[in-house]
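Listing of my_file-v9.pdb; format and content: PDB, C-alpha atoms.
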```pdb
ATOM      1  CA  VAL A   1      -1.278  21.732  -4.343  1.00  0.00           C
ATOM      2  CA  GLN A   2       1.382  19.059  -4.088  1.00  0.00           C
ATOM      3  CA  LEU A   3       0.739  15.489  -5.212  1.00  0.00           C
ATOM      4  CA  GLN A   4       2.763  12.381  -4.461  1.00  0.00           C
ATOM      5  CA  ALA A   5       1.882   9.171  -6.293  1.00  0.00           C
ATOM      6  CA  SER A   6       2.845   5.687  -5.193  1.00  0.00           C
ATOM      7  CA  GLY A   7       1.918   2.051  -5.623  1.00  0.00           C
ATOM      8  CA  GLY A   8       3.242   1.184  -9.055  1.00  0.00           C
ATOM      9  CA  GLY A   9       5.194  -1.954  -9.782  1.00  0.00           C
ATOM     10  CA  LEU A  10       5.336  -5.188 -11.694  1.00  0.00           C
ATOM     11  CA  VAL A  11       2.244  -7.371 -11.783  1.00  0.00           C
ATOM     12  CA  GLN A  12       1.245 -10.433 -13.773  1.00  0.00           C
ATOM     13  CA  PRO A  13      -1.652 -10.329 -16.235  1.00  0.00           C
ATOM     14  CA  GLY A  14      -4.928 -10.675 -14.393  1.00  0.00           C
ATOM     15  CA  GLY A  15      -3.459  -9.223 -11.232  1.00  0.00           C
ATOM     16  CA  SER A  16      -4.336  -6.111  -9.250  1.00  0.00           C
ATOM     17  CA  LEU A  17      -2.605  -2.996  -8.013  1.00  0.00           C
ATOM     18  CA  ARG A  18      -3.722  -0.039  -5.976  1.00  0.00           C
ATOM     19  CA  LEU A  19      -2.228   3.348  -6.747  1.00  0.00           C
ATOM     20  CA  SER A  20      -2.401   6.121  -4.203  1.00  0.00           C
ATOM     21  CA  CYS A  21      -1.960   9.867  -4.570  1.00  0.00           C
ATOM     22  CA  LYS A  22      -1.242  11.824  -1.419  1.00  0.00           C
ATOM     23  CA  ALA A  23      -2.260  15.479  -1.653  1.00  0.00           C
ATOM     24  CA  SER A  24      -1.096  18.424   0.417  1.00  0.00           C
ATOM     25  CA  GLY A  25      -1.364  22.191   0.294  1.00  0.00           C
ATOM     26  CA  SER A  26      -4.538  23.948  -0.845  1.00  0.00           C
ATOM     27  CA  THR A  27      -6.547  20.783  -1.372  1.00  0.00           C
ATOM     28  CA  SER A  28      -9.787  22.585  -0.559  1.00  0.00           C
ATOM     29  CA  SER A  29      -9.341  24.538  -3.794  1.00  0.00           C
ATOM     30  CA  VAL A  30      -9.460  21.379  -5.891  1.00  0.00           C
ATOM     31  CA  ASN A  31     -12.599  20.729  -7.932  1.00  0.00           C
ATOM     32  CA  ALA A  32     -11.596  17.472  -9.560  1.00  0.00           C
ATOM     33  CA  TRP A  33      -8.991  14.766  -9.130  1.00  0.00           C
ATOM     34  CA  GLY A  34      -7.820  12.453 -11.840  1.00  0.00           C
ATOM     35  CA  TRP A  35      -5.555   9.655 -12.855  1.00  0.00           C
ATOM     36  CA  TYR A  36      -3.886   9.814 -16.236  1.00  0.00           C
ATOM     37  CA  ARG A  37      -1.633   7.331 -17.886  1.00  0.00           C
ATOM     38  CA  GLN A  38       1.067   7.479 -20.531  1.00  0.00           C
ATOM     39  CA  PRO A  39       2.216   4.316 -22.266  1.00  0.00           C
ATOM     40  CA  ALA A  40       5.736   4.401 -23.647  1.00  0.00           C
ATOM     41  CA  GLY A  41       5.921   6.484 -26.803  1.00  0.00           C
ATOM     42  CA  GLN A  42       2.347   7.674 -26.506  1.00  0.00           C
ATOM     43  CA  THR A  43       0.599  10.771 -25.248  1.00  0.00           C
ATOM     44  CA  ARG A  44      -0.735  11.162 -21.729  1.00  0.00           C
ATOM     45  CA  GLU A  45      -4.443  10.451 -21.506  1.00  0.00           C
ATOM     46  CA  VAL A  46      -7.065  10.902 -18.837  1.00  0.00           C
ATOM     47  CA  PHE A  47      -8.215   7.616 -17.382  1.00  0.00           C
ATOM     48  CA  ALA A  48     -10.424   8.235 -14.393  1.00  0.00           C
ATOM     49  CA  VAL A  49     -11.769  11.360 -12.705  1.00  0.00           C
ATOM     50  CA  ILE A  50     -13.513  12.033  -9.412  1.00  0.00           C
ATOM     51  CA  GLN A  51     -15.223  15.358  -8.796  1.00  0.00           C
ATOM     52  CA  SER A  52     -15.405  17.147  -5.462  1.00  0.00           C
ATOM     53  CA  ASP A  53     -19.006  15.960  -5.137  1.00  0.00           C
ATOM     54  CA  GLY A  54     -17.837  12.350  -5.425  1.00  0.00           C
ATOM     55  CA  SER A  55     -19.116  11.684  -8.916  1.00  0.00           C
ATOM     56  CA  THR A  56     -16.774   9.627 -11.077  1.00  0.00           C
ATOM     57  CA  SER A  57     -16.103   9.097 -14.755  1.00  0.00           C
ATOM     58  CA  TYR A  58     -13.910   6.644 -16.629  1.00  0.00           C
ATOM     59  CA  VAL A  59     -12.647   6.030 -20.123  1.00  0.00           C
ATOM     60  CA  ASP A  60     -14.021   2.872 -21.700  1.00  0.00           C
ATOM     61  CA  ALA A  61     -10.814   0.922 -21.087  1.00  0.00           C
ATOM     62  CA  ALA A  62     -11.171   1.491 -17.338  1.00  0.00           C
ATOM     63  CA  LYS A  63     -14.867   0.771 -16.884  1.00  0.00           C
ATOM     64  CA  GLY A  64     -15.560  -2.335 -14.853  1.00  0.00           C
ATOM     65  CA  ARG A  65     -11.912  -2.887 -13.971  1.00  0.00           C
ATOM     66  CA  PHE A  66     -10.661   0.277 -12.321  1.00  0.00           C
ATOM     67  CA  THR A  67     -12.143   2.301  -9.479  1.00  0.00           C
ATOM     68  CA  ILE A  68     -11.151   5.808  -8.444  1.00  0.00           C
ATOM     69  CA  SER A  69     -11.884   6.900  -4.892  1.00  0.00           C
ATOM     70  CA  ARG A  70     -11.040   9.708  -2.530  1.00  0.00           C
ATOM     71  CA  ASP A  71     -10.395   9.612   1.199  1.00  0.00           C
ATOM     72  CA  THR A  72     -10.812  13.167   2.462  1.00  0.00           C
ATOM     73  CA  SER A  73      -9.577  12.287   5.962  1.00  0.00           C
ATOM     74  CA  ARG A  74      -6.267  11.068   4.548  1.00  0.00           C
ATOM     75  CA  ASN A  75      -6.191  13.486   1.598  1.00  0.00           C
ATOM     76  CA  THR A  76      -5.595  10.665  -0.824  1.00  0.00           C
ATOM     77  CA  VAL A  77      -7.030   9.720  -4.184  1.00  0.00           C
ATOM     78  CA  ASP A  78      -6.662   6.047  -5.003  1.00  0.00           C
ATOM     79  CA  LEU A  79      -6.986   4.017  -8.163  1.00  0.00           C
ATOM     80  CA  GLN A  80      -7.833   0.359  -7.653  1.00  0.00           C
ATOM     81  CA  MET A  81      -6.852  -1.562 -10.750  1.00  0.00           C
ATOM     82  CA  ASN A  82      -8.099  -5.109 -11.305  1.00  0.00           C
ATOM     83  CA  SER A  83      -7.765  -7.603 -14.150  1.00  0.00           C
ATOM     84  CA  LEU A  84      -4.664  -5.852 -15.381  1.00  0.00           C
ATOM     85  CA  GLN A  85      -3.465  -6.601 -18.891  1.00  0.00           C
ATOM     86  CA  PRO A  86      -0.200  -5.887 -20.702  1.00  0.00           C
ATOM     87  CA  ASP A  87      -1.894  -2.972 -22.488  1.00  0.00           C
ATOM     88  CA  ASP A  88      -2.257  -1.307 -19.087  1.00  0.00           C
ATOM     89  CA  THR A  89       1.503  -0.944 -18.849  1.00  0.00           C
ATOM     90  CA  ALA A  90       2.192   2.778 -18.528  1.00  0.00           C
ATOM     91  CA  VAL A  91       3.358   5.544 -16.264  1.00  0.00           C
ATOM     92  CA  TYR A  92       0.375   6.646 -14.199  1.00  0.00           C
ATOM     93  CA  TYR A  93       0.034  10.241 -13.031  1.00  0.00           C
ATOM     94  CA  CYS A  94      -2.315  11.795 -10.525  1.00  0.00           C
ATOM     95  CA  ASN A  95      -3.732  15.206 -11.248  1.00  0.00           C
ATOM     96  CA  ALA A  96      -5.820  17.874  -9.576  1.00  0.00           C
ATOM     97  CA  TYR A  97      -7.710  20.766 -11.106  1.00  0.00           C
ATOM     98  CA  SER A  98      -8.189  23.879  -9.010  1.00  0.00           C
ATOM     99  CA  GLY A  99     -10.818  26.367 -10.050  1.00  0.00           C
ATOM    100  CA  THR A 100      -9.393  28.845  -7.569  1.00  0.00           C
ATOM    101  CA  TYR A 101      -5.989  28.806  -9.211  1.00  0.00           C
ATOM    102  CA  ARG A 102      -7.369  27.948 -12.662  1.00  0.00           C
ATOM    103  CA  ARG A 103      -4.740  25.348 -13.304  1.00  0.00           C
ATOM    104  CA  TYR A 104      -3.865  21.707 -13.119  1.00  0.00           C
ATOM    105  CA  PHE A 105      -1.401  20.271 -10.652  1.00  0.00           C
ATOM    106  CA  TRP A 106       0.536  17.081 -11.350  1.00  0.00           C
ATOM    107  CA  GLY A 107       2.233  14.475  -9.267  1.00  0.00           C
ATOM    108  CA  GLN A 108       5.247  12.546 -10.416  1.00  0.00           C
ATOM    109  CA  GLY A 109       4.451   9.391 -12.320  1.00  0.00           C
ATOM    110  CA  THR A 110       4.447   5.869 -11.006  1.00  0.00           C
ATOM    111  CA  LEU A 111       5.277   3.034 -13.382  1.00  0.00           C
ATOM    112  CA  VAL A 112       2.929   0.087 -13.740  1.00  0.00           C
ATOM    113  CA  THR A 113       4.250  -2.881 -15.682  1.00  0.00           C
ATOM    114  CA  VAL A 114       1.976  -5.798 -16.491  1.00  0.00           C
ATOM    115  CA  SER A 115       3.993  -8.767 -17.665  1.00  0.00           C
ATOM    116  CA  SER A 116       4.402 -12.452 -17.078  1.00  0.00           C
TER
END
```
Could you quickly redo this structure as structure tokens?
Amino acid sequence: VQLQASGGGLVQPGGSLRLSCKASGSTSSVNAWGWYRQPAGQTREVFAVIQSDGSTSYVDAAKGRFTISRDTSRNTVDLQMNSLQPDDTAVYYCNAYSGTYRRYFWGQGTLVTVSS
């Protein structure tokens, strides 16, 4: 499974961004898709997950502001981010877990900077 993330950039506090992760390869083997983020100097953490059945889960910091979604026709997994704050500044990574291959696949990161 190959993943290509895009959509990062500079946004002012209170603004919005939409990240997109384009998947290719054995996408039918994927059981769950996720977005992780890694602020500078900190560890990478899971942020939002969508299962193959469409169910979603979020960390507390994402609830009510961020929405993860999947478009199976386009093979993309998007993260809509609203009400962004400086604390949301991080490199965001998309991720896929395949039960068939029993491993995680990672895309390259995309930098989100929230600053005035």
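Between Ser16 (chain A) and the candidates A:Arg74, A:Arg103, A:Arg44, A:Arg65, the tightest atom-to-atom separation, counting all atoms listed in the file, involves A:Arg65.
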For the structure provided, state which residues fall under the PyMOL selection byres ((chain A and resi 61) around 10), and present them as a PyMOL selection string. chain A and resi 47-48+58-60+62-66+87-88
Computed gap from CA of Thr56 (chain A) to CA of Arg37 (chain A) is 16.8 Å
Picked residues, the PyMOL selection byres ((chain A and resi 19-22) around 7), expected as number ranges by chain: A: 3-8, 17-18, 23-24, 75-80, 94
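The list of residues with at least one atom within 12 Å of Val30 (chain A), based on only C-alpha atoms and without residues fewer than 4 positions apart in the same chain, reads Val1, Gln2, Leu3, Ala23, Ser24, Gly25, Ser26, Gly34, Ile50, Gln51, Ser52, Asp53, Thr72, Asn75, Asn95, Ala96, Tyr97, Ser98, Gly99, Thr100, Tyr101, Arg102, Arg103, Tyr104 and Phe105 of chain A.
Relative to CA of Trp106 (chain A), CA of Val11 (chain A) is found at 24.5 Å.
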Could you list the residues chosen by the PyMOL selection byres ((chain A and resi 13) around 8) in this structure as a ChimeraX atom specification? /A:11-12,14-15,83-86,114-116
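What separates CA of Gly54 (chain A) from CA of Val112 (chain A) is a distance of 25.5 Å.
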Could you give me the axis-aligned bounding box of region 12-30 of chain A, with 4 Å of padding per side, as centre plus edge lengths in Å to one decimal, as JSON?
```
{"center_x": -4.3, "center_y": 6.9, "center_z": -7.9, "size_x": 19.0, "size_y": 43.2, "size_z": 24.7}
```
Dump of region 2-93 of chain A from preceding block, C-alpha atoms, as an mmCIF file, in the first residue's frame:
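Output (part_15.cif):
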```cif
data_model
loop_
_atom_site.group_PDB
_atom_site.id
_atom_site.type_symbol
_atom_site.label_atom_id
_atom_site.label_comp_id
_atom_site.auth_asym_id
_atom_site.auth_seq_id
_atom_site.Cartn_x
_atom_site.Cartn_y
_atom_site.Cartn_z
ATOM 1 C CA GLN A 2 1.365 3.377 -1.005
ATOM 2 C CA LEU A 3 0.135 6.588 0.606
ATOM 3 C CA GLN A 4 0.620 10.152 -0.570
ATOM 4 C CA ALA A 5 -0.425 12.974 1.750
ATOM 5 C CA SER A 6 -1.113 16.536 0.695
ATOM 6 C CA GLY A 7 -2.882 19.690 1.783
ATOM 7 C CA GLY A 8 -0.660 21.073 4.510
ATOM 8 C CA GLY A 9 0.333 24.700 4.722
ATOM 9 C CA LEU A 10 0.196 27.878 6.726
ATOM 10 C CA VAL A 11 -3.126 28.944 8.196
ATOM 11 C CA GLN A 12 -4.167 31.594 10.692
ATOM 12 C CA PRO A 13 -5.674 30.655 14.055
ATOM 13 C CA GLY A 14 -9.339 29.850 13.650
ATOM 14 C CA GLY A 15 -8.855 28.828 10.047
ATOM 15 C CA SER A 16 -9.419 25.525 8.272
ATOM 16 C CA LEU A 17 -7.433 23.091 6.182
ATOM 17 C CA ARG A 18 -8.275 19.855 4.463
ATOM 18 C CA LEU A 19 -5.622 17.166 4.284
ATOM 19 C CA SER A 20 -5.904 14.390 1.754
ATOM 20 C CA CYS A 21 -4.208 11.005 1.574
ATOM 21 C CA LYS A 22 -4.212 9.264 -1.779
ATOM 22 C CA ALA A 23 -3.859 5.488 -1.514
ATOM 23 C CA SER A 24 -2.744 3.000 -4.137
ATOM 24 C CA GLY A 25 -1.751 -0.643 -4.271
ATOM 25 C CA SER A 26 -3.501 -3.288 -2.172
ATOM 26 C CA THR A 27 -6.021 -0.924 -0.623
ATOM 27 C CA SER A 28 -8.580 -3.708 -0.296
ATOM 28 C CA SER A 29 -6.315 -5.284 2.324
ATOM 29 C CA VAL A 30 -6.582 -2.254 4.590
ATOM 30 C CA ASN A 31 -8.699 -2.575 7.729
ATOM 31 C CA ALA A 32 -8.211 0.892 9.144
ATOM 32 C CA TRP A 33 -6.971 4.277 8.003
ATOM 33 C CA GLY A 34 -5.618 6.949 10.260
ATOM 34 C CA TRP A 35 -4.134 10.367 10.584
ATOM 35 C CA TYR A 36 -1.313 10.889 13.038
ATOM 36 C CA ARG A 37 0.507 14.030 13.921
ATOM 37 C CA GLN A 38 3.927 14.868 15.304
ATOM 38 C CA PRO A 39 4.614 18.298 16.753
ATOM 39 C CA ALA A 40 8.228 19.411 16.665
ATOM 40 C CA GLY A 41 10.276 17.625 19.301
ATOM 41 C CA GLN A 42 7.439 15.332 20.286
ATOM 42 C CA THR A 43 6.401 11.789 19.511
ATOM 43 C CA ARG A 44 3.989 10.849 16.753
ATOM 44 C CA GLU A 45 0.471 10.313 18.035
ATOM 45 C CA VAL A 46 -2.703 8.933 16.544
ATOM 46 C CA PHE A 47 -5.296 11.611 15.954
ATOM 47 C CA ALA A 48 -8.186 10.194 13.996
ATOM 48 C CA VAL A 49 -9.036 6.738 12.670
ATOM 49 C CA ILE A 50 -11.627 5.408 10.249
ATOM 50 C CA GLN A 51 -12.309 1.688 10.028
ATOM 51 C CA SER A 52 -13.215 -0.193 6.867
ATOM 52 C CA ASP A 53 -16.829 -0.249 8.060
ATOM 53 C CA GLY A 54 -16.832 3.553 8.212
ATOM 54 C CA SER A 55 -16.777 3.906 11.973
ATOM 55 C CA THR A 56 -14.546 6.693 13.253
ATOM 56 C CA SER A 57 -12.687 7.555 16.425
ATOM 57 C CA TYR A 58 -10.822 10.658 17.534
ATOM 58 C CA VAL A 59 -8.550 11.783 20.318
ATOM 59 C CA ASP A 60 -10.107 14.386 22.588
ATOM 60 C CA ALA A 61 -8.182 17.243 20.977
ATOM 61 C CA ALA A 62 -9.783 16.443 17.616
ATOM 62 C CA LYS A 63 -13.384 15.910 18.682
ATOM 63 C CA GLY A 64 -15.751 18.542 17.371
ATOM 64 C CA ARG A 65 -13.113 20.210 15.214
ATOM 65 C CA PHE A 66 -11.690 17.560 12.923
ATOM 66 C CA THR A 67 -13.455 15.054 10.691
ATOM 67 C CA ILE A 68 -11.908 12.020 9.034
ATOM 68 C CA SER A 69 -13.594 10.611 5.949
ATOM 69 C CA ARG A 70 -12.913 8.137 3.193
ATOM 70 C CA ASP A 71 -13.849 8.290 -0.472
ATOM 71 C CA THR A 72 -13.594 4.745 -1.804
ATOM 72 C CA SER A 73 -14.174 5.839 -5.411
ATOM 73 C CA ARG A 74 -11.136 8.118 -5.267
ATOM 74 C CA ASN A 75 -9.157 5.973 -2.810
ATOM 75 C CA THR A 76 -8.573 8.928 -0.550
ATOM 76 C CA VAL A 77 -8.791 9.488 3.175
ATOM 77 C CA ASP A 78 -9.299 13.111 4.129
ATOM 78 C CA LEU A 79 -8.974 15.050 7.346
ATOM 79 C CA GLN A 80 -11.050 18.214 7.542
ATOM 80 C CA MET A 81 -9.586 20.469 10.191
ATOM 81 C CA ASN A 82 -11.555 23.440 11.509
ATOM 82 C CA SER A 83 -10.929 26.018 14.228
ATOM 83 C CA LEU A 84 -7.217 25.414 14.008
ATOM 84 C CA GLN A 85 -5.036 26.647 16.844
ATOM 85 C CA PRO A 86 -1.277 27.101 17.191
ATOM 86 C CA ASP A 87 -1.132 23.866 19.210
ATOM 87 C CA ASP A 88 -2.260 22.041 16.068
ATOM 88 C CA THR A 89 1.013 22.906 14.375
ATOM 89 C CA ALA A 90 2.646 19.598 13.470
ATOM 90 C CA VAL A 91 3.630 17.271 10.685
ATOM 91 C CA TYR A 92 0.584 15.183 9.827
ATOM 92 C CA TYR A 93 0.954 11.628 8.551
#
```
